[in-house]
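A short worksheet on the structure shown next.
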Amino acid sequence: MSIAADFFDKYFEIVQAVSWAERDAAYALRYQVYCVENPFEDGSVHRCGREQDEYDARAVHSLIRHRESGEFAACVRLVLPKQDDPETPFPIEAECGHAFYKDHRAVSVALDRSRLSEISRFAVSKRFKRRLNEASSPSGTSPEAVYQDADSRSGAGQRGMPYITVGLFAAVIRTSVEHGMTDWYAVMEPGLLRLLSRFGIHFHPVGALVEHHGRRRPTAARVADVIRGIHDERPDVWEIVSDRGRFPGLEENGPWLNERMENPGKLP
């Protein structure tokens, strides 16, 4: 039995934004986080209080819903490769490609771009940010916050787990498995990267720090490596991500857990 999974399931649920109404809710939440709470985007160019861009048409969107209130607490999207032209740049390439390390540029040439995707628009509503200075971060993390669950072997501090952040990453992993994505790009806050590493979620820098919605690091990761990292390092988080081993492909002996990604053409 997983205390963490029980807690998450009691208060939250992962929702794939399939319907128009759900996608609209994701755009509205992004507007609130990126244009109002943290004005990184110009709200005047987004009509009707919805933050959208050209990448949304090729993205899969996910939401975290608070069960008691029915309110959407957070959202994230996975930008997929363009089906008719996989060479079409991802947001990270368009915005941060100039900061890529030379060795990454060499590796990226050999990528199977039909299985490459990018995690972006990681946003948590201000109403659900509870810790020190988290309201100033779109992702709801803070380098000044002390997360009490750094040691998963301790029964103490279960309430300290950033459940919404973990839930968003569970959504990204499930979406990636469903769509057969093997590699991720992401531009992340340094604080979020440090937080994720505590939960077995390890991204690798592929470029220098850039100014993009604040100071951000271009990163990459192999999906299978992250899945194994969570499973091996954080069994409590694995129970949430895998829906207690019920999500197809994430069961204890599932292909995504046991697949070894040794192809040198993979990220990072």
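Chains: A, B, ... in order of the structure tokens. Residues: from 1 per chain. Ligands: from 1, in order shown.
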Could you give me, as a short mmCIF file (atom, residue, chain, number, x, y, z; two decimals) with all heavy atoms, in the first residue's frame, each residue of region 9-249 of chain A that DSSP assigns to strand (DSSP E or B) when run on this structure's backbone?
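Written out: selection-v2.cif:
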```
data_model
loop_
_atom_site.label_atom_id
_atom_site.label_comp_id
_atom_site.auth_asym_id
_atom_site.auth_seq_id
_atom_site.Cartn_x
_atom_site.Cartn_y
_atom_site.Cartn_z
N PHE A 12 -6.62 14.45 -5.81
CA PHE A 12 -6.39 14.88 -7.18
C PHE A 12 -6.66 13.76 -8.18
O PHE A 12 -6.66 12.59 -7.84
CB PHE A 12 -4.95 15.36 -7.36
CG PHE A 12 -4.56 16.50 -6.47
CD1 PHE A 12 -3.75 16.28 -5.36
CD2 PHE A 12 -5.01 17.79 -6.72
CE1 PHE A 12 -3.39 17.33 -4.52
CE2 PHE A 12 -4.65 18.84 -5.89
CZ PHE A 12 -3.85 18.62 -4.79
N GLU A 13 -6.86 14.16 -9.43
CA GLU A 13 -6.94 13.20 -10.52
C GLU A 13 -6.29 13.80 -11.76
O GLU A 13 -6.30 15.01 -11.97
CB GLU A 13 -8.38 12.79 -10.82
CG GLU A 13 -9.26 13.92 -11.34
CD GLU A 13 -10.64 13.43 -11.74
OE1 GLU A 13 -10.75 12.27 -12.19
OE2 GLU A 13 -11.61 14.21 -11.61
N ILE A 14 -5.69 12.91 -12.57
CA ILE A 14 -5.07 13.32 -13.83
C ILE A 14 -6.12 13.26 -14.93
O ILE A 14 -6.81 12.25 -15.08
CB ILE A 14 -3.89 12.40 -14.16
CG1 ILE A 14 -2.80 12.53 -13.09
CG2 ILE A 14 -3.32 12.71 -15.54
CD1 ILE A 14 -1.70 11.50 -13.21
N VAL A 15 -6.23 14.32 -15.69
CA VAL A 15 -7.23 14.40 -16.76
C VAL A 15 -6.52 14.70 -18.08
O VAL A 15 -5.79 15.71 -18.18
CB VAL A 15 -8.26 15.51 -16.48
CG1 VAL A 15 -9.25 15.62 -17.64
CG2 VAL A 15 -8.99 15.24 -15.17
N GLN A 16 -6.70 13.85 -19.06
CA GLN A 16 -6.20 14.18 -20.40
C GLN A 16 -7.20 15.12 -21.06
O GLN A 16 -8.40 14.83 -21.12
CB GLN A 16 -6.02 12.91 -21.24
CG GLN A 16 -4.79 12.12 -20.89
CD GLN A 16 -4.35 11.22 -22.04
OE1 GLN A 16 -4.91 11.25 -23.13
NE2 GLN A 16 -3.33 10.43 -21.78
N ALA A 59 0.15 19.34 -29.92
CA ALA A 59 0.45 18.97 -28.54
C ALA A 59 -0.67 18.15 -27.92
O ALA A 59 -1.83 18.23 -28.34
CB ALA A 59 0.71 20.21 -27.70
N VAL A 60 -0.30 17.36 -26.91
CA VAL A 60 -1.26 16.64 -26.07
C VAL A 60 -1.25 17.34 -24.72
O VAL A 60 -0.19 17.56 -24.13
CB VAL A 60 -0.86 15.16 -25.91
CG1 VAL A 60 -1.89 14.43 -25.06
CG2 VAL A 60 -0.72 14.50 -27.27
N HIS A 61 -2.43 17.69 -24.24
CA HIS A 61 -2.54 18.49 -23.02
C HIS A 61 -3.10 17.64 -21.87
O HIS A 61 -3.98 16.80 -22.07
CB HIS A 61 -3.46 19.68 -23.26
CG HIS A 61 -3.05 20.54 -24.41
ND1 HIS A 61 -2.30 21.70 -24.27
CD2 HIS A 61 -3.24 20.40 -25.75
CE1 HIS A 61 -2.07 22.23 -25.44
NE2 HIS A 61 -2.64 21.46 -26.37
N SER A 62 -2.59 17.90 -20.68
CA SER A 62 -3.05 17.20 -19.48
C SER A 62 -3.33 18.21 -18.38
O SER A 62 -2.71 19.29 -18.33
CB SER A 62 -2.01 16.19 -18.99
OG SER A 62 -1.72 15.22 -19.98
N LEU A 63 -4.23 17.85 -17.50
CA LEU A 63 -4.63 18.70 -16.38
C LEU A 63 -4.61 17.89 -15.09
O LEU A 63 -4.77 16.67 -15.10
CB LEU A 63 -6.04 19.26 -16.60
CG LEU A 63 -6.25 20.23 -17.76
CD1 LEU A 63 -7.65 20.04 -18.35
CD2 LEU A 63 -6.07 21.66 -17.31
N ILE A 64 -4.45 18.60 -13.96
CA ILE A 64 -4.64 18.01 -12.65
C ILE A 64 -5.88 18.66 -12.06
O ILE A 64 -5.95 19.89 -11.93
CB ILE A 64 -3.43 18.26 -11.72
CG1 ILE A 64 -2.16 17.67 -12.33
CG2 ILE A 64 -3.69 17.65 -10.34
CD1 ILE A 64 -2.16 16.17 -12.49
N ARG A 65 -6.87 17.83 -11.70
CA ARG A 65 -8.12 18.36 -11.14
C ARG A 65 -8.18 18.05 -9.65
O ARG A 65 -7.88 16.95 -9.21
CB ARG A 65 -9.32 17.75 -11.85
CG ARG A 65 -10.66 18.23 -11.28
CD ARG A 65 -11.81 18.09 -12.25
NE ARG A 65 -11.85 16.80 -12.90
CZ ARG A 65 -12.46 16.59 -14.08
NH1 ARG A 65 -13.03 17.59 -14.73
NH2 ARG A 65 -12.48 15.40 -14.63
N HIS A 66 -8.57 19.07 -8.88
CA HIS A 66 -8.81 18.91 -7.46
C HIS A 66 -10.19 18.30 -7.28
O HIS A 66 -11.20 18.88 -7.70
CB HIS A 66 -8.72 20.27 -6.77
CG HIS A 66 -8.89 20.22 -5.29
ND1 HIS A 66 -9.89 20.88 -4.61
CD2 HIS A 66 -8.17 19.56 -4.34
CE1 HIS A 66 -9.79 20.66 -3.33
NE2 HIS A 66 -8.75 19.86 -3.13
N PHE A 72 -9.47 22.94 -11.74
CA PHE A 72 -8.21 22.49 -12.32
C PHE A 72 -7.07 23.23 -11.65
O PHE A 72 -7.01 24.46 -11.64
CB PHE A 72 -8.20 22.72 -13.83
CG PHE A 72 -9.11 21.79 -14.58
CD1 PHE A 72 -10.21 22.28 -15.27
CD2 PHE A 72 -8.88 20.42 -14.56
CE1 PHE A 72 -11.05 21.42 -15.96
CE2 PHE A 72 -9.73 19.55 -15.24
CZ PHE A 72 -10.81 20.05 -15.94
N ALA A 73 -6.15 22.46 -11.07
CA ALA A 73 -5.06 23.03 -10.29
C ALA A 73 -3.81 23.29 -11.12
O ALA A 73 -3.01 24.15 -10.77
CB ALA A 73 -4.71 22.10 -9.13
N ALA A 74 -3.61 22.53 -12.21
CA ALA A 74 -2.36 22.63 -12.96
C ALA A 74 -2.55 22.02 -14.35
O ALA A 74 -3.50 21.28 -14.60
CB ALA A 74 -1.24 21.91 -12.22
N CYS A 75 -1.60 22.34 -15.23
CA CYS A 75 -1.63 21.77 -16.57
C CYS A 75 -0.22 21.64 -17.11
O CYS A 75 0.73 22.25 -16.60
CB CYS A 75 -2.48 22.63 -17.51
SG CYS A 75 -1.82 24.29 -17.81
N VAL A 76 -0.08 20.83 -18.14
CA VAL A 76 1.18 20.63 -18.84
C VAL A 76 0.85 20.14 -20.24
O VAL A 76 -0.23 19.58 -20.47
CB VAL A 76 2.07 19.60 -18.09
CG1 VAL A 76 1.45 18.20 -18.13
CG2 VAL A 76 3.49 19.58 -18.65
N ARG A 77 1.76 20.36 -21.17
CA ARG A 77 1.53 19.83 -22.52
C ARG A 77 2.78 19.09 -22.99
O ARG A 77 3.90 19.37 -22.53
CB ARG A 77 1.19 20.94 -23.51
CG ARG A 77 2.37 21.82 -23.90
CD ARG A 77 1.98 22.89 -24.91
NE ARG A 77 3.12 23.74 -25.24
CZ ARG A 77 3.07 24.83 -25.97
NH1 ARG A 77 1.92 25.24 -26.48
NH2 ARG A 77 4.16 25.55 -26.22
N LEU A 78 2.57 18.16 -23.88
CA LEU A 78 3.65 17.44 -24.54
C LEU A 78 3.55 17.76 -26.02
O LEU A 78 2.59 17.35 -26.69
CB LEU A 78 3.52 15.94 -24.30
CG LEU A 78 4.68 15.09 -24.83
CD1 LEU A 78 5.94 15.32 -23.99
CD2 LEU A 78 4.32 13.60 -24.82
N VAL A 79 4.51 18.52 -26.53
CA VAL A 79 4.53 18.88 -27.95
C VAL A 79 5.10 17.70 -28.73
O VAL A 79 6.24 17.27 -28.50
CB VAL A 79 5.37 20.14 -28.21
CG1 VAL A 79 5.37 20.49 -29.69
CG2 VAL A 79 4.84 21.32 -27.38
N PHE A 100 22.55 25.77 -27.25
CA PHE A 100 22.90 24.35 -27.19
C PHE A 100 24.42 24.17 -27.16
O PHE A 100 25.16 24.88 -27.84
CB PHE A 100 22.35 23.60 -28.42
CG PHE A 100 20.88 23.28 -28.34
CD1 PHE A 100 20.23 22.75 -29.45
CD2 PHE A 100 20.15 23.50 -27.19
CE1 PHE A 100 18.88 22.44 -29.39
CE2 PHE A 100 18.80 23.20 -27.13
CZ PHE A 100 18.16 22.67 -28.23
N LEU A 116 10.60 12.00 -30.81
CA LEU A 116 11.07 13.07 -29.94
C LEU A 116 9.91 14.00 -29.62
O LEU A 116 9.09 14.30 -30.48
CB LEU A 116 12.20 13.83 -30.64
CG LEU A 116 12.74 15.11 -29.97
CD1 LEU A 116 13.39 14.79 -28.63
CD2 LEU A 116 13.74 15.78 -30.92
N SER A 117 9.84 14.48 -28.38
CA SER A 117 8.78 15.39 -27.97
C SER A 117 9.34 16.41 -26.99
O SER A 117 10.47 16.27 -26.53
CB SER A 117 7.62 14.62 -27.34
OG SER A 117 8.08 13.83 -26.25
N GLU A 118 8.53 17.41 -26.67
CA GLU A 118 8.99 18.43 -25.72
C GLU A 118 7.92 18.70 -24.66
O GLU A 118 6.75 18.91 -24.98
CB GLU A 118 9.33 19.74 -26.43
CG GLU A 118 9.81 20.81 -25.45
CD GLU A 118 10.30 22.09 -26.12
OE1 GLU A 118 10.57 22.06 -27.34
OE2 GLU A 118 10.42 23.11 -25.41
N ILE A 119 8.36 18.70 -23.41
CA ILE A 119 7.50 19.03 -22.28
C ILE A 119 7.51 20.55 -22.12
O ILE A 119 8.58 21.16 -22.03
CB ILE A 119 8.02 18.38 -20.99
CG1 ILE A 119 8.11 16.86 -21.15
CG2 ILE A 119 7.13 18.75 -19.80
CD1 ILE A 119 8.93 16.19 -20.06
N SER A 120 6.33 21.15 -22.05
CA SER A 120 6.29 22.61 -21.87
C SER A 120 4.98 23.04 -21.24
O SER A 120 4.08 22.24 -21.02
CB SER A 120 6.53 23.33 -23.20
OG SER A 120 5.42 23.17 -24.06
N ARG A 121 4.90 24.34 -20.95
CA ARG A 121 3.73 24.96 -20.31
C ARG A 121 3.35 24.22 -19.03
O ARG A 121 2.20 23.89 -18.79
CB ARG A 121 2.56 25.05 -21.28
CG ARG A 121 2.76 26.07 -22.41
CD ARG A 121 3.03 27.46 -21.83
NE ARG A 121 2.97 28.52 -22.84
CZ ARG A 121 4.03 29.02 -23.48
NH1 ARG A 121 5.25 28.55 -23.22
NH2 ARG A 121 3.88 29.99 -24.36
N PHE A 122 4.38 23.99 -18.21
CA PHE A 122 4.23 23.35 -16.90
C PHE A 122 3.73 24.43 -15.94
O PHE A 122 4.50 25.28 -15.51
CB PHE A 122 5.61 22.84 -16.48
CG PHE A 122 5.63 21.75 -15.45
CD1 PHE A 122 5.80 20.43 -15.83
CD2 PHE A 122 5.51 22.05 -14.10
CE1 PHE A 122 5.85 19.43 -14.88
CE2 PHE A 122 5.56 21.05 -13.15
CZ PHE A 122 5.74 19.73 -13.53
N ALA A 123 2.44 24.44 -15.61
CA ALA A 123 1.86 25.56 -14.87
C ALA A 123 0.98 25.09 -13.73
O ALA A 123 0.16 24.18 -13.89
CB ALA A 123 1.04 26.43 -15.83
N VAL A 124 1.14 25.74 -12.57
CA VAL A 124 0.35 25.43 -11.38
C VAL A 124 -0.37 26.70 -10.95
O VAL A 124 0.25 27.77 -10.83
CB VAL A 124 1.24 24.91 -10.23
CG1 VAL A 124 0.37 24.60 -9.00
CG2 VAL A 124 2.00 23.67 -10.66
N ASP A 183 12.12 10.14 -26.31
CA ASP A 183 13.01 11.19 -25.83
C ASP A 183 12.25 12.48 -25.59
O ASP A 183 11.27 12.77 -26.27
CB ASP A 183 14.13 11.45 -26.85
CG ASP A 183 15.04 10.25 -27.01
OD1 ASP A 183 16.00 10.15 -26.25
OD2 ASP A 183 14.76 9.42 -27.90
N TRP A 184 12.76 13.25 -24.62
CA TRP A 184 12.15 14.52 -24.27
C TRP A 184 13.14 15.66 -24.37
O TRP A 184 14.32 15.50 -24.03
CB TRP A 184 11.68 14.53 -22.82
CG TRP A 184 10.49 13.72 -22.50
CD1 TRP A 184 9.36 13.56 -23.22
CD2 TRP A 184 10.30 12.97 -21.29
NE1 TRP A 184 8.47 12.75 -22.55
CE2 TRP A 184 9.02 12.37 -21.37
CE3 TRP A 184 11.08 12.75 -20.16
CZ2 TRP A 184 8.52 11.57 -20.35
CZ3 TRP A 184 10.58 11.95 -19.15
CH2 TRP A 184 9.32 11.37 -19.25
N TYR A 185 12.64 16.78 -24.78
CA TYR A 185 13.27 18.08 -24.55
C TYR A 185 12.45 18.80 -23.48
O TYR A 185 11.24 18.56 -23.34
CB TYR A 185 13.24 18.94 -25.81
CG TYR A 185 14.40 18.80 -26.76
CD1 TYR A 185 14.18 18.74 -28.14
CD2 TYR A 185 15.72 18.78 -26.30
CE1 TYR A 185 15.24 18.65 -29.03
CE2 TYR A 185 16.78 18.69 -27.19
CZ TYR A 185 16.54 18.63 -28.54
OH TYR A 185 17.59 18.54 -29.42
N ALA A 186 13.08 19.71 -22.76
CA ALA A 186 12.36 20.57 -21.83
C ALA A 186 13.25 21.75 -21.47
O ALA A 186 14.47 21.61 -21.36
CB ALA A 186 11.96 19.82 -20.56
N VAL A 187 12.64 22.91 -21.30
CA VAL A 187 13.34 24.10 -20.81
C VAL A 187 12.80 24.35 -19.41
O VAL A 187 11.62 24.71 -19.26
CB VAL A 187 13.12 25.32 -21.71
CG1 VAL A 187 13.93 26.51 -21.20
CG2 VAL A 187 13.50 25.01 -23.15
N MET A 188 13.63 24.17 -18.38
CA MET A 188 13.13 24.15 -17.01
C MET A 188 13.87 25.12 -16.09
O MET A 188 15.04 25.44 -16.30
CB MET A 188 13.25 22.74 -16.42
CG MET A 188 12.38 21.71 -17.08
SD MET A 188 12.33 20.21 -16.07
CE MET A 188 11.45 19.11 -17.17
N HIS A 204 19.15 16.04 -18.26
CA HIS A 204 20.54 16.38 -18.50
C HIS A 204 20.61 17.71 -19.26
O HIS A 204 19.90 17.90 -20.24
CB HIS A 204 21.22 15.28 -19.31
CG HIS A 204 21.08 13.93 -18.71
ND1 HIS A 204 21.88 13.48 -17.70
CD2 HIS A 204 20.18 12.93 -18.96
CE1 HIS A 204 21.51 12.25 -17.36
NE2 HIS A 204 20.48 11.90 -18.10
N PRO A 205 21.48 18.62 -18.82
CA PRO A 205 21.60 19.89 -19.54
C PRO A 205 22.16 19.69 -20.94
O PRO A 205 23.10 18.94 -21.13
CB PRO A 205 22.57 20.70 -18.67
CG PRO A 205 23.34 19.67 -17.90
CD PRO A 205 22.38 18.53 -17.67
N GLY A 207 22.38 22.67 -22.86
CA GLY A 207 22.73 24.04 -23.23
C GLY A 207 22.93 24.91 -22.02
O GLY A 207 22.64 24.50 -20.88
N VAL A 210 19.51 30.23 -20.10
CA VAL A 210 18.99 31.26 -20.99
C VAL A 210 17.89 32.04 -20.28
O VAL A 210 17.33 31.59 -19.28
CB VAL A 210 18.43 30.64 -22.30
CG1 VAL A 210 19.51 29.95 -23.09
CG2 VAL A 210 17.28 29.68 -21.98
N GLU A 211 17.59 33.23 -20.80
CA GLU A 211 16.44 34.00 -20.33
C GLU A 211 15.24 33.61 -21.17
O GLU A 211 15.14 33.97 -22.34
CB GLU A 211 16.71 35.50 -20.46
CG GLU A 211 17.53 36.08 -19.33
CD GLU A 211 16.81 36.04 -17.99
OE1 GLU A 211 15.55 36.05 -17.99
OE2 GLU A 211 17.49 35.99 -16.95
N ARG A 215 15.15 32.66 -15.79
CA ARG A 215 16.34 31.88 -16.04
C ARG A 215 15.96 30.41 -16.19
O ARG A 215 15.38 29.81 -15.27
CB ARG A 215 17.34 32.04 -14.91
CG ARG A 215 17.87 33.45 -14.77
CD ARG A 215 18.79 33.84 -15.91
NE ARG A 215 20.14 33.31 -15.75
CZ ARG A 215 21.08 33.42 -16.68
NH1 ARG A 215 20.83 34.02 -17.83
NH2 ARG A 215 22.28 32.94 -16.46
N ARG A 216 16.30 29.83 -17.33
CA ARG A 216 15.90 28.46 -17.63
C ARG A 216 17.09 27.69 -18.21
O ARG A 216 18.00 28.26 -18.81
CB ARG A 216 14.75 28.43 -18.64
CG ARG A 216 13.48 29.14 -18.16
CD ARG A 216 12.78 28.40 -17.05
NE ARG A 216 11.53 29.03 -16.67
CZ ARG A 216 11.39 29.93 -15.72
NH1 ARG A 216 12.46 30.34 -15.04
NH2 ARG A 216 10.21 30.44 -15.42
N ARG A 217 17.02 26.37 -18.07
CA ARG A 217 18.07 25.49 -18.59
C ARG A 217 17.49 24.58 -19.68
O ARG A 217 16.52 23.86 -19.43
CB ARG A 217 18.62 24.62 -17.47
CG ARG A 217 19.61 23.55 -17.92
CD ARG A 217 20.97 24.12 -18.19
NE ARG A 217 21.65 24.51 -16.97
CZ ARG A 217 22.88 25.01 -16.92
NH1 ARG A 217 23.56 25.19 -18.06
NH2 ARG A 217 23.44 25.35 -15.78
N PRO A 218 18.04 24.59 -20.90
CA PRO A 218 17.63 23.61 -21.91
C PRO A 218 18.12 22.22 -21.47
O PRO A 218 19.30 22.04 -21.16
CB PRO A 218 18.36 24.07 -23.18
CG PRO A 218 18.77 25.50 -22.90
CD PRO A 218 19.01 25.57 -21.43
N THR A 219 17.23 21.25 -21.46
CA THR A 219 17.56 19.92 -20.99
C THR A 219 16.96 18.85 -21.90
O THR A 219 16.13 19.14 -22.76
CB THR A 219 17.04 19.67 -19.56
OG1 THR A 219 15.60 19.66 -19.58
CG2 THR A 219 17.53 20.74 -18.60
N ALA A 220 17.38 17.61 -21.65
CA ALA A 220 16.85 16.47 -22.39
C ALA A 220 16.87 15.24 -21.49
O ALA A 220 17.58 15.21 -20.47
CB ALA A 220 17.66 16.21 -23.65
N ALA A 221 16.08 14.25 -21.84
CA ALA A 221 16.05 12.99 -21.09
C ALA A 221 15.50 11.89 -21.96
O ALA A 221 14.73 12.15 -22.91
CB ALA A 221 15.21 13.12 -19.82
N ARG A 222 15.89 10.67 -21.66
CA ARG A 222 15.32 9.49 -22.30
C ARG A 222 14.15 9.01 -21.45
O ARG A 222 14.28 8.85 -20.24
CB ARG A 222 16.37 8.39 -22.43
CG ARG A 222 17.58 8.80 -23.26
CD ARG A 222 18.64 7.73 -23.25
NE ARG A 222 19.81 8.17 -24.02
CZ ARG A 222 20.94 7.47 -24.14
NH1 ARG A 222 21.04 6.30 -23.53
NH2 ARG A 222 21.94 7.94 -24.86
#
```
Exercise. Would you return as a ChimeraX atom specification the members of region 30-216 of chain A that DSSP assigns to alpha helix (DSSP H) on this structure's backbone?
Key: /A:30-31,91-96,102-108,163-179,190-197
Quiz item: Separation of CA of Gln32 (chain A) and CA of His212 (chain A), in Å?
Solution: 17.8 Å
